[in-house]
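Trainee: Here it is, the structure in full.
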Amino acid sequence: MALLAVEGVCKAFGSLKAVDEVSFTVAPGEIFGIAGPNGSGKSTLFNLITGIPFAPDRGRIVFDGDDIQGKPGHAIARLGLARTFQRETSFDGLTMFENVLIGASYGKPDRAAAAARDAAAEALEFVGLESRSFGRLAGELSVFDRKCLMLATAIAMEPKMLLLDEPASSLTRPEIETSIGLIRRTAARGITIVLIEHVLTFLMSLSQHLLVLNQGRVLAAGEPATVIADERVIEAYLGTRRAAA
Ligand SMILES: Nc1ncnc2c1ncn2[C@@H]1O[C@H](COP(=O)(O)OP(=O)(O)OP(=O)(O)O)[C@@H](O)[C@H]1O
């Protein structure tokens, strides 16, 4: 059974159909990639799935057997669906450790303080942030470290599924390589991953299935190698990128 099933989901902003009748399923344990040109509806789709900040106008979203469309974001997160954002998002006035502790404590009133602290430290070390820097303020970190912090905070929530919105944006090539390894190790913890990314090599090296959006609609879906070879994808996605280059 699919861990996530999205069925005929729509969201319009005025006359703009940002997400238009989108359907797909994600199996437990897989890394599922979502690609598409700028403005094709990728981040809006994540917003609809997570309920942050809005719900779909129409359609059904089933996560781990629960209908979640229209539920508030905090309720969806507590069911085990976590996300990161395109722009690095953290509590900048708090330390790295305090940020991740919020994730480790979120929705777990019965978790003892010591267990939450252990989980926070483990998540920070897992993403490669050194314990001697745990006291640094989040707002002082580099872009890469802030992305790692956002990932650690999500991992500390112990989600079943993690939605990653452009984790490679603004990273250098070596940082992208590190990030690919980190996402693989995150999946190996048993967390199912849905990944939006512009960097196609990144998506190709990680994803078992790929969905391409264009103007809010599904343009192609399936095995990454097949999808990438699809003429419509080359024209809509690669063509646009090449023209912009
Ligand atoms: N809150 C909003 N209000 C109005 N229009 C919006 C809103 N959010 C997104 N849009 C519009 O919806 C369309 C899809 O945007 P979205 O951010 O989902 O695309 P995207 O594929 O994630 O793009 P990018 O790759 O540039 O991040 C765009 O035309 C965008 O301007």
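Ordering of the structure tokens sets the chain letters (A, B, ...), residue numbers begin anew at 1 in every chain, and ligands are numbered from 1 in the order given.
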Would you pick out the contacts of Leu182 (chain A) at 10 Å or less, using only C-alpha atoms, so that residues sharing its chain but fewer than 2 positions from it are not included, and give the list as a ChimeraX atom specification?
Mentor: /A:126-128,148,151,176-180,184-188
Trainee: Check which residues fall inside 9 Å of ligand 1 when counting only C-alpha atoms and all ligand atoms, and print them as a PDB file with N, CA and C atoms, in the first residue's frame.
Mentor:
```pdb
ATOM      1  N   LYS A  11      -5.193  23.462  -6.791  1.00  0.00           N
ATOM      2  CA  LYS A  11      -5.126  24.719  -6.034  1.00  0.00           C
ATOM      3  C   LYS A  11      -4.999  25.871  -7.028  1.00  0.00           C
ATOM      4  N   ALA A  12      -5.920  26.833  -6.932  1.00  0.00           N
ATOM      5  CA  ALA A  12      -5.867  28.007  -7.811  1.00  0.00           C
ATOM      6  C   ALA A  12      -5.618  29.252  -6.972  1.00  0.00           C
ATOM      7  N   PHE A  13      -4.856  30.182  -7.558  1.00  0.00           N
ATOM      8  CA  PHE A  13      -4.712  31.527  -6.989  1.00  0.00           C
ATOM      9  C   PHE A  13      -5.387  32.463  -7.981  1.00  0.00           C
ATOM     10  N   GLY A  14      -6.616  32.878  -7.696  1.00  0.00           N
ATOM     11  CA  GLY A  14      -7.375  33.643  -8.677  1.00  0.00           C
ATOM     12  C   GLY A  14      -7.590  32.777  -9.905  1.00  0.00           C
ATOM     13  N   LEU A  16      -5.158  31.642 -11.799  1.00  0.00           N
ATOM     14  CA  LEU A  16      -3.979  30.801 -12.050  1.00  0.00           C
ATOM     15  C   LEU A  16      -4.151  29.423 -11.400  1.00  0.00           C
ATOM     16  N   LYS A  17      -4.135  28.371 -12.216  1.00  0.00           N
ATOM     17  CA  LYS A  17      -4.204  27.017 -11.673  1.00  0.00           C
ATOM     18  C   LYS A  17      -2.788  26.580 -11.330  1.00  0.00           C
ATOM     19  N   ALA A  18      -2.390  26.783 -10.091  1.00  0.00           N
ATOM     20  CA  ALA A  18      -0.997  26.486  -9.689  1.00  0.00           C
ATOM     21  C   ALA A  18      -0.766  24.979  -9.621  1.00  0.00           C
ATOM     22  N   VAL A  19      -1.779  24.234  -9.148  1.00  0.00           N
ATOM     23  CA  VAL A  19      -1.735  22.763  -9.126  1.00  0.00           C
ATOM     24  C   VAL A  19      -3.076  22.296  -9.682  1.00  0.00           C
ATOM     25  N   ALA A  35      10.261  17.114 -10.347  1.00  0.00           N
ATOM     26  CA  ALA A  35      10.971  18.125 -11.123  1.00  0.00           C
ATOM     27  C   ALA A  35       9.953  19.000 -11.852  1.00  0.00           C
ATOM     28  N   GLY A  36      10.455  20.027 -12.520  1.00  0.00           N
ATOM     29  CA  GLY A  36       9.581  20.903 -13.301  1.00  0.00           C
ATOM     30  C   GLY A  36      10.168  22.290 -13.386  1.00  0.00           C
ATOM     31  N   PRO A  37       9.816  23.024 -14.442  1.00  0.00           N
ATOM     32  CA  PRO A  37      10.352  24.388 -14.590  1.00  0.00           C
ATOM     33  C   PRO A  37       9.896  25.300 -13.458  1.00  0.00           C
ATOM     34  N   ASN A  38      10.498  26.482 -13.376  1.00  0.00           N
ATOM     35  CA  ASN A  38      10.087  27.475 -12.384  1.00  0.00           C
ATOM     36  C   ASN A  38       8.596  27.747 -12.509  1.00  0.00           C
ATOM     37  N   GLY A  39       7.918  27.794 -11.366  1.00  0.00           N
ATOM     38  CA  GLY A  39       6.504  28.149 -11.368  1.00  0.00           C
ATOM     39  C   GLY A  39       5.573  27.021 -11.797  1.00  0.00           C
ATOM     40  N   SER A  40       6.093  25.785 -11.863  1.00  0.00           N
ATOM     41  CA  SER A  40       5.244  24.681 -12.346  1.00  0.00           C
ATOM     42  C   SER A  40       4.362  24.099 -11.248  1.00  0.00           C
ATOM     43  N   GLY A  41       4.521  24.562 -10.013  1.00  0.00           N
ATOM     44  CA  GLY A  41       3.612  24.139  -8.945  1.00  0.00           C
ATOM     45  C   GLY A  41       4.215  23.196  -7.918  1.00  0.00           C
ATOM     46  N   LYS A  42       5.531  23.005  -7.977  1.00  0.00           N
ATOM     47  CA  LYS A  42       6.173  22.015  -7.092  1.00  0.00           C
ATOM     48  C   LYS A  42       6.026  22.392  -5.607  1.00  0.00           C
ATOM     49  N   SER A  43       6.418  23.617  -5.262  1.00  0.00           N
ATOM     50  CA  SER A  43       6.333  24.003  -3.845  1.00  0.00           C
ATOM     51  C   SER A  43       4.881  24.096  -3.391  1.00  0.00           C
ATOM     52  N   THR A  44       4.002  24.557  -4.284  1.00  0.00           N
ATOM     53  CA  THR A  44       2.580  24.625  -3.913  1.00  0.00           C
ATOM     54  C   THR A  44       2.061  23.225  -3.590  1.00  0.00           C
ATOM     55  N   LEU A  45       2.502  22.235  -4.355  1.00  0.00           N
ATOM     56  CA  LEU A  45       2.090  20.851  -4.092  1.00  0.00           C
ATOM     57  C   LEU A  45       2.532  20.426  -2.684  1.00  0.00           C
ATOM     58  N   PHE A  46       3.768  20.740  -2.314  1.00  0.00           N
ATOM     59  CA  PHE A  46       4.232  20.428  -0.943  1.00  0.00           C
ATOM     60  C   PHE A  46       3.370  21.153   0.090  1.00  0.00           C
ATOM     61  N   ASN A  47       3.024  22.428  -0.211  1.00  0.00           N
ATOM     62  CA  ASN A  47       2.191  23.184   0.723  1.00  0.00           C
ATOM     63  C   ASN A  47       0.844  22.488   0.929  1.00  0.00           C
ATOM     64  N   PRO A  53       1.128  26.528   3.919  1.00  0.00           N
ATOM     65  CA  PRO A  53       0.172  27.190   4.806  1.00  0.00           C
ATOM     66  C   PRO A  53      -1.287  26.993   4.379  1.00  0.00           C
ATOM     67  N   PHE A  54      -1.540  26.172   3.334  1.00  0.00           N
ATOM     68  CA  PHE A  54      -2.945  26.086   2.914  1.00  0.00           C
ATOM     69  C   PHE A  54      -3.307  24.669   2.438  1.00  0.00           C
ATOM     70  N   GLN A  86      12.247  25.603   0.871  1.00  0.00           N
ATOM     71  CA  GLN A  86      13.182  26.012  -0.176  1.00  0.00           C
ATOM     72  C   GLN A  86      14.212  26.976   0.394  1.00  0.00           C
ATOM     73  N   ASP A 165      12.311  20.327  -0.030  1.00  0.00           N
ATOM     74  CA  ASP A 165      12.089  21.291  -1.109  1.00  0.00           C
ATOM     75  C   ASP A 165      13.417  21.921  -1.524  1.00  0.00           C
ATOM     76  N   GLU A 166      13.922  21.513  -2.672  1.00  0.00           N
ATOM     77  CA  GLU A 166      15.175  22.005  -3.250  1.00  0.00           C
ATOM     78  C   GLU A 166      16.344  22.013  -2.259  1.00  0.00           C
ATOM     79  N   ILE A 196      11.919  17.663  -4.080  1.00  0.00           N
ATOM     80  CA  ILE A 196      11.826  18.598  -5.214  1.00  0.00           C
ATOM     81  C   ILE A 196      13.229  19.080  -5.507  1.00  0.00           C
ATOM     82  N   GLU A 197      13.614  19.097  -6.782  1.00  0.00           N
ATOM     83  CA  GLU A 197      14.946  19.624  -7.091  1.00  0.00           C
ATOM     84  C   GLU A 197      15.017  20.067  -8.538  1.00  0.00           C
ATOM     85  N   HIS A 198      15.766  21.153  -8.771  1.00  0.00           N
ATOM     86  CA  HIS A 198      16.054  21.610 -10.132  1.00  0.00           C
ATOM     87  C   HIS A 198      17.257  20.886 -10.705  1.00  0.00           C
ATOM     88  N   LEU A 213       6.286  18.122 -13.323  1.00  0.00           N
ATOM     89  CA  LEU A 213       5.137  19.030 -13.434  1.00  0.00           C
ATOM     90  C   LEU A 213       5.426  20.101 -14.475  1.00  0.00           C
ATOM     91  N   ASN A 214       4.384  20.568 -15.115  1.00  0.00           N
ATOM     92  CA  ASN A 214       4.499  21.723 -16.001  1.00  0.00           C
ATOM     93  C   ASN A 214       3.184  22.474 -15.952  1.00  0.00           C
ATOM     94  N   GLN A 215       3.257  23.761 -15.625  1.00  0.00           N
ATOM     95  CA  GLN A 215       2.058  24.600 -15.517  1.00  0.00           C
ATOM     96  C   GLN A 215       0.992  23.942 -14.647  1.00  0.00           C
ATOM     97  N   GLY A 216       1.435  23.368 -13.545  1.00  0.00           N
ATOM     98  CA  GLY A 216       0.524  22.817 -12.553  1.00  0.00           C
ATOM     99  C   GLY A 216       0.033  21.407 -12.827  1.00  0.00           C
TER     100      GLY A 216
END
```
Trainee: Write down as JSON, numbers by chain the residues belonging to region 153-228 of chain A that are assigned alpha helix (DSSP H) by DSSP computed on the backbone.
Mentor: {"A": [153, 154, 155, 156, 173, 174, 175, 176, 177, 178, 179, 180, 181, 182, 183, 184, 185, 186, 187, 188, 200, 201, 202, 203, 204, 205, 206, 224, 225, 226, 227, 228]}
Trainee: Suppose we keep C-alpha atoms; can you now write the selection as a PDB file, in the first residue's frame?
Mentor:
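File produced: part-v2.pdb:
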```
ATOM      1  CA  THR A 153      15.256  19.327  13.014  1.00  0.00           C
ATOM      2  CA  ALA A 154      12.966  17.347  10.697  1.00  0.00           C
ATOM      3  CA  ILE A 155      14.769  14.044  11.408  1.00  0.00           C
ATOM      4  CA  ALA A 156      14.498  14.650  15.166  1.00  0.00           C
ATOM      5  CA  ARG A 173      29.287  20.989  -6.155  1.00  0.00           C
ATOM      6  CA  PRO A 174      31.112  19.330  -3.193  1.00  0.00           C
ATOM      7  CA  GLU A 175      28.236  20.337  -0.891  1.00  0.00           C
ATOM      8  CA  ILE A 176      25.757  18.802  -3.362  1.00  0.00           C
ATOM      9  CA  GLU A 177      27.739  15.534  -3.245  1.00  0.00           C
ATOM     10  CA  THR A 178      27.646  15.600   0.569  1.00  0.00           C
ATOM     11  CA  SER A 179      23.942  16.341   0.452  1.00  0.00           C
ATOM     12  CA  ILE A 180      23.251  13.355  -1.856  1.00  0.00           C
ATOM     13  CA  GLY A 181      25.017  11.052   0.626  1.00  0.00           C
ATOM     14  CA  LEU A 182      23.084  12.557   3.507  1.00  0.00           C
ATOM     15  CA  ILE A 183      19.712  12.062   1.822  1.00  0.00           C
ATOM     16  CA  ARG A 184      20.620   8.430   1.035  1.00  0.00           C
ATOM     17  CA  ARG A 185      21.555   7.842   4.691  1.00  0.00           C
ATOM     18  CA  THR A 186      18.323   9.547   5.796  1.00  0.00           C
ATOM     19  CA  ALA A 187      16.335   7.149   3.595  1.00  0.00           C
ATOM     20  CA  ALA A 188      18.345   4.258   5.051  1.00  0.00           C
ATOM     21  CA  LEU A 200      18.558  16.917 -12.476  1.00  0.00           C
ATOM     22  CA  THR A 201      21.740  14.954 -11.748  1.00  0.00           C
ATOM     23  CA  PHE A 202      20.792  15.200  -8.084  1.00  0.00           C
ATOM     24  CA  LEU A 203      17.290  13.838  -8.746  1.00  0.00           C
ATOM     25  CA  MET A 204      18.536  11.157 -11.133  1.00  0.00           C
ATOM     26  CA  SER A 205      21.110   9.820  -8.703  1.00  0.00           C
ATOM     27  CA  LEU A 206      18.626   9.609  -5.817  1.00  0.00           C
ATOM     28  CA  PRO A 224      13.745   8.511 -13.990  1.00  0.00           C
ATOM     29  CA  ALA A 225      15.639   7.403 -17.118  1.00  0.00           C
ATOM     30  CA  THR A 226      12.393   7.019 -19.094  1.00  0.00           C
ATOM     31  CA  VAL A 227      10.932  10.295 -17.851  1.00  0.00           C
ATOM     32  CA  ILE A 228      14.074  12.275 -18.639  1.00  0.00           C
TER      33      ILE A 228
END
```
Trainee: Excluding same-chain residues fewer than 2 positions from Asn99 (chain A), what lies within 12 Å of it counting only C-alpha atoms, as a ChimeraX atom specification?
Mentor: /A:89-97,101-106,116-117,120-121,123-124,134-139,146,148-157
Trainee: Save the residues we just selected, C-alpha atoms, as a compact mmCIF listing (two decimals), in the first residue's frame?
Mentor:
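Wrote result.txt, looks like this:
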```txt
# COMPACT_ATOMS: atom_id res chain seq x y z
CA THR A 89 14.16 28.14 7.80
CA SER A 90 15.14 28.08 11.46
CA PHE A 91 14.70 29.97 14.70
CA ASP A 92 17.69 32.22 14.07
CA GLY A 93 17.89 33.58 17.63
CA LEU A 94 18.10 30.07 19.10
CA THR A 95 21.14 27.81 19.09
CA MET A 96 21.47 24.85 16.75
CA PHE A 97 20.78 22.52 19.63
CA LEU A 101 15.32 20.09 20.41
CA ILE A 102 12.06 21.69 19.25
CA GLY A 103 11.82 19.02 16.53
CA ALA A 104 12.70 16.26 18.99
CA SER A 105 10.01 17.41 21.44
CA TYR A 106 7.30 18.28 18.90
CA ALA A 116 14.62 14.52 23.62
CA ARG A 117 18.12 15.93 24.22
CA ALA A 120 18.50 16.16 19.18
CA ALA A 121 22.23 15.48 19.62
CA ALA A 123 20.20 14.12 14.70
CA LEU A 124 22.76 16.94 14.67
CA PHE A 134 25.88 22.96 18.99
CA GLY A 135 25.78 26.25 20.94
CA ARG A 136 26.12 28.46 17.86
CA LEU A 137 23.14 30.60 16.90
CA ALA A 138 21.27 29.28 13.86
CA GLY A 139 21.31 32.73 12.27
CA ARG A 146 21.52 25.90 7.85
CA CYS A 148 21.75 20.56 7.53
CA LEU A 149 20.15 22.11 10.62
CA MET A 150 16.74 22.16 8.92
CA LEU A 151 17.19 18.49 8.00
CA ALA A 152 18.31 17.56 11.55
CA THR A 153 15.26 19.33 13.01
CA ALA A 154 12.97 17.35 10.70
CA ILE A 155 14.77 14.04 11.41
CA ALA A 156 14.50 14.65 15.17
CA MET A 157 10.71 14.59 14.74
```
Trainee: Skip Cys10 (chain A) itself and residues of its chain fewer than 4 positions away, then list as a ChimeraX atom specification all residues within 6 Å of it, counting only C-alpha atoms.
Mentor: /A:19-21,56-58
Trainee: Region 3-196 of chain A: which residues are strand (DSSP E) by DSSP, as number ranges by chain?
Mentor: A: 4-13, 16-26, 31-35, 58-63, 66-67, 81-83, 161-165, 192-196
Trainee: Skip Glu7 (chain A) itself and residues of its chain fewer than 4 positions away, then list as an MDAnalysis selection string all residues within 12 Å of it, counting only C-alpha atoms.
Mentor: chainID A and resid 19:26 45 48:49 56 58:63 67:69 218
Trainee: Considering only C-alpha atoms, can you say which of A:Val143, A:Ile191, A:Leu219, A:Ala5 comes closest to Lys160 (chain A)?
Mentor: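 Of the candidates, the smallest distance to Lys160 (chain A) is held by A:Ile191.
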Trainee: Have a look at CA of Met161 (chain A) and CA of Val100 (chain A) and let me know their distance in Å, one decimal.
Mentor: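 Value for the CA of Met161 (chain A)-CA of Val100 (chain A) distance: 17.4 Å.
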